[in-house]
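Printed here is final_10.cif (mmCIF, C-alpha atoms and all ligand atoms):
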data_my_file
loop_
_atom_site.label_atom_id
_atom_site.label_comp_id
_atom_site.auth_asym_id
_atom_site.auth_seq_id
_atom_site.Cartn_x
_atom_site.Cartn_y
_atom_site.Cartn_z
CA MET M 1 8.67 -12.11 -16.31
CA ALA M 2 11.44 -12.25 -13.75
CA THR M 3 12.71 -8.77 -12.89
CA ILE M 4 10.86 -5.61 -11.93
CA GLY M 5 12.84 -2.41 -12.41
CA ILE M 6 11.71 0.19 -9.88
CA VAL M 7 12.43 3.87 -10.49
CA GLY M 8 11.62 5.66 -7.27
CA SER M 9 12.11 3.74 -4.03
CA GLY M 10 9.90 5.59 -1.59
CA ASN M 11 6.47 4.45 -0.43
CA ILE M 12 5.03 2.92 -3.56
CA GLY M 13 8.34 1.71 -5.00
CA SER M 14 9.43 -0.09 -1.84
CA TRP M 15 6.05 -1.76 -1.29
CA VAL M 16 5.78 -2.99 -4.88
CA ALA M 17 9.32 -4.33 -4.36
CA ARG M 18 8.23 -6.23 -1.24
CA ALA M 19 5.20 -7.65 -3.06
CA ALA M 20 7.24 -8.69 -6.08
CA LEU M 21 9.93 -10.34 -3.95
CA ALA M 22 7.30 -12.24 -1.99
CA HIS M 23 6.11 -13.77 -5.26
CA GLY M 24 9.41 -14.83 -6.75
CA TYR M 25 10.50 -11.79 -8.75
CA GLU M 26 13.87 -10.06 -8.68
CA VAL M 27 13.90 -6.29 -8.23
CA VAL M 28 16.37 -3.54 -9.14
CA LEU M 29 15.65 -0.22 -7.42
CA SER M 30 16.79 3.33 -8.07
CA ASN M 31 16.18 6.78 -6.65
CA SER M 32 17.40 10.29 -7.38
CA ARG M 33 20.38 10.26 -5.01
CA GLY M 34 22.19 7.13 -6.18
CA PRO M 35 22.35 3.44 -5.26
CA GLN M 36 24.59 3.99 -2.23
CA THR M 37 21.63 5.66 -0.49
CA LEU M 38 19.50 2.53 -0.90
CA SER M 39 21.78 0.11 0.97
CA GLU M 40 19.56 -0.08 4.06
CA LEU M 41 16.47 -0.81 1.96
CA VAL M 42 18.10 -3.51 -0.18
CA THR M 43 19.54 -5.16 2.93
CA GLU M 44 16.02 -5.32 4.35
CA LEU M 45 14.63 -6.63 1.05
CA GLY M 46 17.15 -9.45 0.82
CA PRO M 47 19.25 -11.22 -1.80
CA HIS M 48 16.84 -10.89 -4.73
CA ALA M 49 16.89 -7.08 -4.52
CA ARG M 50 19.66 -4.77 -5.59
CA ALA M 51 20.11 -1.04 -5.99
CA GLY M 52 21.32 0.60 -9.18
CA THR M 53 21.18 3.76 -11.16
CA THR M 54 17.93 4.53 -12.92
CA ALA M 55 19.58 3.33 -16.14
CA ASP M 56 20.37 0.01 -14.40
CA ALA M 57 16.83 -0.40 -13.04
CA VAL M 58 15.20 0.34 -16.39
CA ALA M 59 17.57 -1.89 -18.35
CA ALA M 60 17.09 -4.81 -15.94
CA GLY M 61 13.31 -4.61 -15.77
CA ASP M 62 11.06 -6.91 -17.75
CA LEU M 63 8.51 -4.47 -16.34
CA VAL M 64 9.55 -1.02 -15.08
CA LEU M 65 7.61 0.76 -12.35
CA VAL M 66 7.85 4.55 -12.31
CA ALA M 67 7.10 5.58 -8.72
CA ILE M 68 8.42 9.11 -8.46
CA PRO M 69 6.42 12.29 -7.82
CA LEU M 70 4.63 13.57 -10.92
CA LYS M 71 6.58 16.83 -10.80
CA ASN M 72 9.79 14.85 -11.37
CA ILE M 73 8.89 12.83 -14.46
CA SER M 74 10.55 15.36 -16.78
CA GLU M 75 13.87 14.38 -15.12
CA LEU M 76 13.66 10.87 -16.64
CA ASP M 77 15.79 10.25 -19.74
CA PRO M 78 13.33 9.02 -22.40
CA GLU M 79 16.00 7.09 -24.28
CA LEU M 80 16.43 4.68 -21.38
CA PHE M 81 12.82 3.56 -21.73
CA THR M 82 12.72 2.66 -25.42
CA GLY M 83 10.64 -0.49 -25.90
CA LYS M 84 9.95 -0.90 -22.18
CA VAL M 85 6.64 -1.70 -20.55
CA VAL M 86 6.31 1.01 -17.91
CA ILE M 87 3.88 0.88 -14.99
CA ASP M 88 2.83 4.37 -13.91
CA ALA M 89 1.70 4.79 -10.30
CA ASN M 90 1.44 8.56 -10.43
CA ASN M 91 -1.18 10.89 -9.02
CA TYR M 92 -1.52 14.64 -9.33
CA TYR M 93 -1.35 16.57 -6.07
CA PRO M 94 -0.98 20.30 -6.90
CA GLN M 95 0.31 21.07 -3.41
CA ARG M 96 3.21 18.70 -4.11
CA ASP M 97 3.51 18.88 -7.90
CA GLY M 98 2.58 22.53 -8.56
CA GLN M 99 -0.24 23.49 -10.90
CA ILE M 100 -0.16 21.63 -14.24
CA ALA M 101 -2.45 23.44 -16.67
CA SER M 102 -3.28 20.43 -18.87
CA LEU M 103 -4.40 18.47 -15.81
CA ASP M 104 -6.24 21.43 -14.31
CA ASP M 105 -8.27 21.84 -17.51
CA GLU M 106 -8.60 18.04 -17.83
CA SER M 107 -7.32 18.03 -21.41
CA THR M 108 -5.02 15.14 -20.49
CA THR M 109 -4.37 12.67 -17.66
CA THR M 110 -1.34 11.91 -15.53
CA SER M 111 -0.41 8.70 -17.36
CA GLU M 112 -0.79 10.37 -20.74
CA LEU M 113 1.74 12.95 -19.54
CA LEU M 114 4.21 10.18 -18.72
CA GLN M 115 3.49 8.48 -22.06
CA ALA M 116 4.15 11.78 -23.86
CA HIS M 117 7.47 12.12 -22.03
CA LEU M 118 8.41 8.48 -22.82
CA PRO M 119 7.08 8.14 -26.40
CA ASP M 120 8.92 4.89 -27.13
CA ALA M 121 7.73 3.13 -23.98
CA LYS M 122 4.39 1.39 -23.45
CA VAL M 123 2.86 3.00 -20.39
CA VAL M 124 0.27 1.18 -18.30
CA LYS M 125 -1.46 2.96 -15.43
CA ALA M 126 -1.60 0.85 -12.26
CA PHE M 127 -1.20 1.03 -8.46
CA ASN M 128 -2.15 4.73 -8.28
CA HIS M 129 -5.29 4.02 -6.23
CA ILE M 130 -3.99 1.78 -3.46
CA ALA M 131 -2.15 2.93 -0.34
CA ALA M 132 1.40 1.63 -0.70
CA ALA M 133 1.54 -0.80 2.25
CA GLU M 134 -1.78 -2.34 1.24
CA ILE M 135 -0.07 -3.81 -1.83
CA VAL M 136 1.23 -6.38 0.64
CA SER M 137 -1.37 -6.32 3.43
CA THR M 138 -4.48 -6.70 1.23
CA ALA M 139 -3.07 -9.16 -1.34
CA GLN M 140 -4.90 -12.49 -1.65
CA PRO M 141 -4.53 -15.59 -3.83
CA ALA M 142 -6.50 -15.82 -7.07
CA GLY M 143 -10.00 -17.18 -6.53
CA THR M 144 -10.41 -15.78 -3.00
CA PRO M 145 -14.03 -14.53 -2.68
CA GLY M 146 -14.09 -10.71 -2.51
CA ARG M 147 -10.47 -10.46 -3.65
CA ARG M 148 -9.38 -6.84 -4.02
CA ALA M 149 -9.24 -5.53 -7.60
CA LEU M 150 -6.90 -2.95 -9.11
CA VAL M 151 -7.37 -0.89 -12.25
CA ILE M 152 -5.14 -0.88 -15.30
CA ALA M 153 -5.37 1.47 -18.29
CA GLY M 154 -3.15 1.62 -21.33
CA ASP M 155 -2.93 1.97 -25.08
CA ASP M 156 -1.01 -1.27 -25.80
CA GLN M 157 -2.87 -4.52 -25.17
CA THR M 158 0.24 -6.72 -24.92
CA ALA M 159 1.74 -4.39 -22.32
CA LYS M 160 -1.54 -4.40 -20.39
CA ASP M 161 -1.62 -8.20 -20.46
CA GLN M 162 1.89 -8.34 -18.98
CA VAL M 163 1.04 -5.87 -16.23
CA ALA M 164 -2.24 -7.68 -15.49
CA ALA M 165 -0.36 -10.96 -15.10
CA PHE M 166 2.04 -9.30 -12.64
CA ILE M 167 -0.78 -7.78 -10.60
CA ASP M 168 -2.61 -11.11 -10.47
CA ALA M 169 0.59 -12.88 -9.44
CA ILE M 170 1.14 -10.54 -6.49
CA GLY M 171 -2.42 -10.84 -5.22
CA PHE M 172 -5.13 -8.82 -6.96
CA ASP M 173 -7.85 -9.12 -9.56
CA VAL M 174 -7.50 -6.69 -12.46
CA LEU M 175 -10.02 -4.32 -14.04
CA ASP M 176 -8.99 -3.02 -17.47
CA ILE M 177 -10.69 0.35 -17.97
CA GLY M 178 -9.41 0.93 -21.50
CA PRO M 179 -6.91 3.43 -22.90
CA LEU M 180 -4.74 5.82 -20.87
CA SER M 181 -7.24 8.59 -21.60
CA GLU M 182 -9.74 6.78 -19.34
CA GLY M 183 -7.33 6.91 -16.39
CA TRP M 184 -9.16 9.90 -14.90
CA ARG M 185 -11.84 7.43 -13.75
CA ILE M 186 -9.55 6.30 -10.93
CA GLN M 187 -7.79 9.60 -10.18
CA ARG M 188 -7.75 11.30 -6.79
CA ASP M 189 -11.26 11.97 -5.38
CA THR M 190 -13.07 9.39 -7.54
CA PRO M 191 -15.20 6.72 -5.80
CA GLY M 192 -12.67 3.90 -6.26
CA TYR M 193 -9.60 5.88 -5.18
CA VAL M 194 -7.74 4.25 -2.24
CA ARG M 195 -10.76 2.18 -1.23
CA GLN M 196 -10.69 -1.58 -0.95
CA ARG M 197 -12.97 -2.88 -3.69
CA ASP M 198 -13.57 -6.23 -5.34
CA LEU M 199 -13.97 -6.46 -9.10
CA THR M 200 -17.73 -5.85 -9.14
CA GLN M 201 -17.53 -2.88 -6.76
CA LEU M 202 -14.56 -1.37 -8.57
CA ARG M 203 -16.30 -1.62 -11.94
CA ALA M 204 -19.30 0.24 -10.48
CA ASP M 205 -17.01 2.90 -8.96
CA VAL M 206 -15.21 3.47 -12.24
CA GLU M 207 -18.51 3.78 -14.11
CA ALA M 208 -19.79 6.28 -11.51
CA ALA M 209 -16.65 8.45 -11.63
CA LYS M 210 -17.09 12.11 -12.49
CA ARG M 211 -14.67 14.62 -13.97
CA TYR M 212 -13.53 17.33 -11.53
CA ARG M 213 -15.48 19.85 -13.62
CA ASP M 214 -18.69 17.86 -13.05
CA MET M 215 -18.21 17.31 -9.33
N1 LIG M 301 2.41 6.75 -1.15
C1 LIG M 301 1.38 6.01 -1.58
O1 LIG M 301 0.72 5.27 -0.81
C2 LIG M 301 1.03 6.07 -3.06
C3 LIG M 301 0.05 5.20 -3.53
C4 LIG M 301 -0.27 5.20 -4.88
C5 LIG M 301 0.36 6.09 -5.74
N2 LIG M 301 1.29 6.96 -5.25
C6 LIG M 301 1.93 7.92 -6.19
O2 LIG M 301 3.21 7.42 -6.54
C7 LIG M 301 4.11 8.51 -6.75
C8 LIG M 301 5.26 8.34 -5.79
O3 LIG M 301 4.76 8.49 -4.46
P1 LIG M 301 5.55 7.98 -3.17
O4 LIG M 301 4.64 8.21 -2.02
O5 LIG M 301 6.07 6.59 -3.38
O6 LIG M 301 6.77 9.03 -3.14
P2 LIG M 301 8.00 9.10 -2.14
O7 LIG M 301 7.81 8.19 -0.99
O8 LIG M 301 8.25 10.54 -1.92
O9 LIG M 301 9.21 8.51 -3.04
C9 LIG M 301 9.62 9.12 -4.21
C10 LIG M 301 10.83 8.38 -4.75
O10 LIG M 301 11.10 8.91 -6.06
C11 LIG M 301 12.50 9.11 -6.15
N3 LIG M 301 12.79 10.06 -7.20
C12 LIG M 301 12.42 11.37 -7.29
N4 LIG M 301 12.88 11.90 -8.44
C13 LIG M 301 13.54 10.91 -9.09
C14 LIG M 301 14.23 10.83 -10.31
N5 LIG M 301 14.31 11.88 -11.13
N6 LIG M 301 14.80 9.66 -10.66
C15 LIG M 301 14.71 8.58 -9.86
N7 LIG M 301 14.06 8.59 -8.68
C16 LIG M 301 13.48 9.74 -8.30
C17 LIG M 301 12.90 9.56 -4.77
O11 LIG M 301 14.28 9.43 -4.62
P3 LIG M 301 15.10 10.37 -3.57
O12 LIG M 301 14.53 10.08 -2.24
O13 LIG M 301 16.52 9.90 -3.75
O14 LIG M 301 14.87 11.78 -4.04
C18 LIG M 301 12.09 8.56 -3.93
O15 LIG M 301 12.76 7.31 -3.87
C19 LIG M 301 3.29 9.78 -6.50
O16 LIG M 301 2.78 10.29 -7.71
C20 LIG M 301 2.16 9.30 -5.62
O17 LIG M 301 1.00 10.13 -5.69
C21 LIG M 301 1.65 6.96 -3.92
#
Represent the structure contained in this file as structure tokens.
Amino acid sequence: MATIGIVGSGNIGSWVARAALAHGYEVVLSNSRGPQTLSELVTELGPHARAGTTADAVAAGDLVLVAIPLKNISELDPELFTGKVVIDANNYYPQRDGQIASLDDESTTTSELLQAHLPDAKVVKAFNHIAAAEIVSTAQPAGTPGRRALVIAGDDQTAKDQVAAFIDAIGFDVLDIGPLSEGWRIQRDTPGYVRQRDLTQLRADVEAAKRYRDM
């Protein structure tokens, strides 16, 4: 697993890039405005980072992080993602994303929406519940007592195993909470959302999570 393709190079995309680079990965980053607008960032990131189009970033990625606002996922060309393992960092903020009826009535989840848009990709939910800069500042080596844990959810076990290995490599324990449909357990306003938790605490938070309708 050598290259992380990063679609969306704002907060979460740039901090996952820094974490990946610090642990020996290559990164290829894209945004909506084109690679020429990422020259300052890739200069800062150094020789193992480059900017490309979204097609370049997806094609290059052994894993592909989608780190764009939820309202923009319909802009992604599904054909680019065929066969790819896609990490979804999305959250739903109606004030940013507009009202999305199927999330408002809790008949689906954010990562299931991305999976539906990218039917030939294998989507794994991860990184949605950590503040971007903490992906570097709270990372610790495996075996550190109290090491921070991050959730994954997904419908494909092999894809989840690959994403779990990446998350462990960059500094976190991993809690697999099951299929994408369980992703609501770590959505905005749940106990584990953006709090620093070790594996035991995070498991308890996920089990205690309530649907918005039950809050
Ligand atoms: N910020 C955090 O700490 C954090 C933590 C966890 C999860 N998240 C979630 O991650 C997602 C991204 O948040 P963010 O804070 O990283 O956003 P952000 O800083 O606003 O960055 C968004 C990035 O997405 C790019 N983009 C937008 N539409 C695109 C498209 N169609 N194709 C390619 N790139 C596109 C933007 O490019 P341009 O600038 O060129 O338009 C920009 O690079 C959100 O759902 C957020 O809730 C954020």
Pull the closest atom pair for each residue of chain M that gets at most 10 Å from ligand LIG 301 (chain M), along with the distance in Å to one decimal, counting all atoms listed in the file, ordering rows by chain and then ascending residue number, as CSV.
residue,atom,partner,partner_atom,distance
M:Ile6,CA,M:LIG301,N7,8.8
M:Val7,CA,M:LIG301,C15,5.3
M:Gly8,CA,M:LIG301,O10,3.5
M:Ser9,CA,M:LIG301,O15,3.6
M:Gly10,CA,M:LIG301,O9,3.3
M:Asn11,CA,M:LIG301,O5,3.7
M:Ile12,CA,M:LIG301,O5,3.8
M:Gly13,CA,M:LIG301,O5,5.6
M:Ser14,CA,M:LIG301,O5,7.6
M:Trp15,CA,M:LIG301,O5,8.6
M:Val16,CA,M:LIG301,O5,9.7
M:Leu29,CA,M:LIG301,O15,8.8
M:Ser30,CA,M:LIG301,C15,5.9
M:Asn31,CA,M:LIG301,N7,3.4
M:Ser32,CA,M:LIG301,O13,3.8
M:Arg33,CA,M:LIG301,O13,4.1
M:Gly34,CA,M:LIG301,O13,6.8
M:Pro35,CA,M:LIG301,O13,8.8
M:Thr37,CA,M:LIG301,O13,7.4
M:Leu38,CA,M:LIG301,O13,8.4
M:Thr53,CA,M:LIG301,C15,8.2
M:Thr54,CA,M:LIG301,C15,6.0
M:Ala55,CA,M:LIG301,C15,9.5
M:Ala57,CA,M:LIG301,C15,9.8
M:Leu65,CA,M:LIG301,O2,9.9
M:Val66,CA,M:LIG301,C7,7.8
M:Ala67,CA,M:LIG301,C8,4.4
M:Ile68,CA,M:LIG301,O10,3.6
M:Pro69,CA,M:LIG301,O16,4.2
M:Leu70,CA,M:LIG301,O16,4.9
M:Lys71,CA,M:LIG301,O16,8.2
M:Asn72,CA,M:LIG301,N4,5.2
M:Ile73,CA,M:LIG301,N5,6.4
M:Ser74,CA,M:LIG301,N5,7.6
M:Glu75,CA,M:LIG301,N5,4.7
M:Leu76,CA,M:LIG301,N5,5.6
M:Asp77,CA,M:LIG301,N5,8.9
M:Asp88,CA,M:LIG301,O2,8.0
M:Ala89,CA,M:LIG301,O2,4.8
M:Asn90,CA,M:LIG301,O16,3.5
M:Asn91,CA,M:LIG301,O17,4.1
M:Tyr92,CA,M:LIG301,O17,6.3
M:Tyr93,CA,M:LIG301,O17,6.9
M:Arg96,CA,M:LIG301,O17,9.0
M:Asp97,CA,M:LIG301,O16,8.6
M:Thr110,CA,M:LIG301,O16,9.0
M:Ala126,CA,M:LIG301,C5,8.6
M:Phe127,CA,M:LIG301,C4,5.6
M:Asn128,CA,M:LIG301,C5,3.8
M:His129,CA,M:LIG301,C4,5.3
M:Ile130,CA,M:LIG301,C4,5.2
M:Ala131,CA,M:LIG301,O1,3.7
M:Ala132,CA,M:LIG301,O1,3.7
M:Ala133,CA,M:LIG301,O1,6.8
M:Glu134,CA,M:LIG301,O1,8.3
M:Ile135,CA,M:LIG301,C3,9.2
M:Gln187,CA,M:LIG301,O17,9.9
M:Arg188,CA,M:LIG301,O17,8.9
M:Tyr193,CA,M:LIG301,C4,9.4
M:Val194,CA,M:LIG301,C3,8.0
- Message: Between atom CA of M:Gly192 and atom CA of M:Thr3, what distance in Å does the model show, to one decimal?
- Response: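 So the two atoms, atom CA of M:Gly192 and atom CA of M:Thr3, lie 29.1 Å apart.
If you look at atom CA of M:Ala22 and atom CA of M:Ala142, they are 15.1 Å away from each other.
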- Item | Distance of atom CA of M:Lys160 from atom CA of M:Val27, expressed in Å to one decimal place | 19.7 Å
- Message: Using only C-alpha atoms, can you tell me which of M:Glu106, M:Asp173, M:Asp56, M:Asp168 comes closest to M:Leu199?
- Response: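 Comparing M:Glu106, M:Asp173, M:Asp56, M:Asp168 against M:Leu199, the winner is M:Asp173.
Residues of protein, DNA and RNA with at least one atom no farther than 7 Å from (-0.5, -10.5, -4.5) are, using all atoms listed in the file, Ala19, Val136, Ala139, Gln140, Pro141, Ile167, Asp168, Ala169, Ile170, Gly171 and Phe172 of chain M.
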Go ahead and write the selection's residues with C-alpha atoms as a PDB file, in the coordinates of the input.
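So the final result, stored in result14.pdb, reads:
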ATOM      1  CA  ALA M  19       5.200  -7.650  -3.060  1.00  0.00           C
ATOM      2  CA  VAL M 136       1.230  -6.380   0.640  1.00  0.00           C
ATOM      3  CA  ALA M 139      -3.070  -9.160  -1.340  1.00  0.00           C
ATOM      4  CA  GLN M 140      -4.900 -12.490  -1.650  1.00  0.00           C
ATOM      5  CA  PRO M 141      -4.530 -15.590  -3.830  1.00  0.00           C
ATOM      6  CA  ILE M 167      -0.780  -7.780 -10.600  1.00  0.00           C
ATOM      7  CA  ASP M 168      -2.610 -11.110 -10.470  1.00  0.00           C
ATOM      8  CA  ALA M 169       0.590 -12.880  -9.440  1.00  0.00           C
ATOM      9  CA  ILE M 170       1.140 -10.540  -6.490  1.00  0.00           C
ATOM     10  CA  GLY M 171      -2.420 -10.840  -5.220  1.00  0.00           C
ATOM     11  CA  PHE M 172      -5.130  -8.820  -6.960  1.00  0.00           C
TER      12      PHE M 172
END
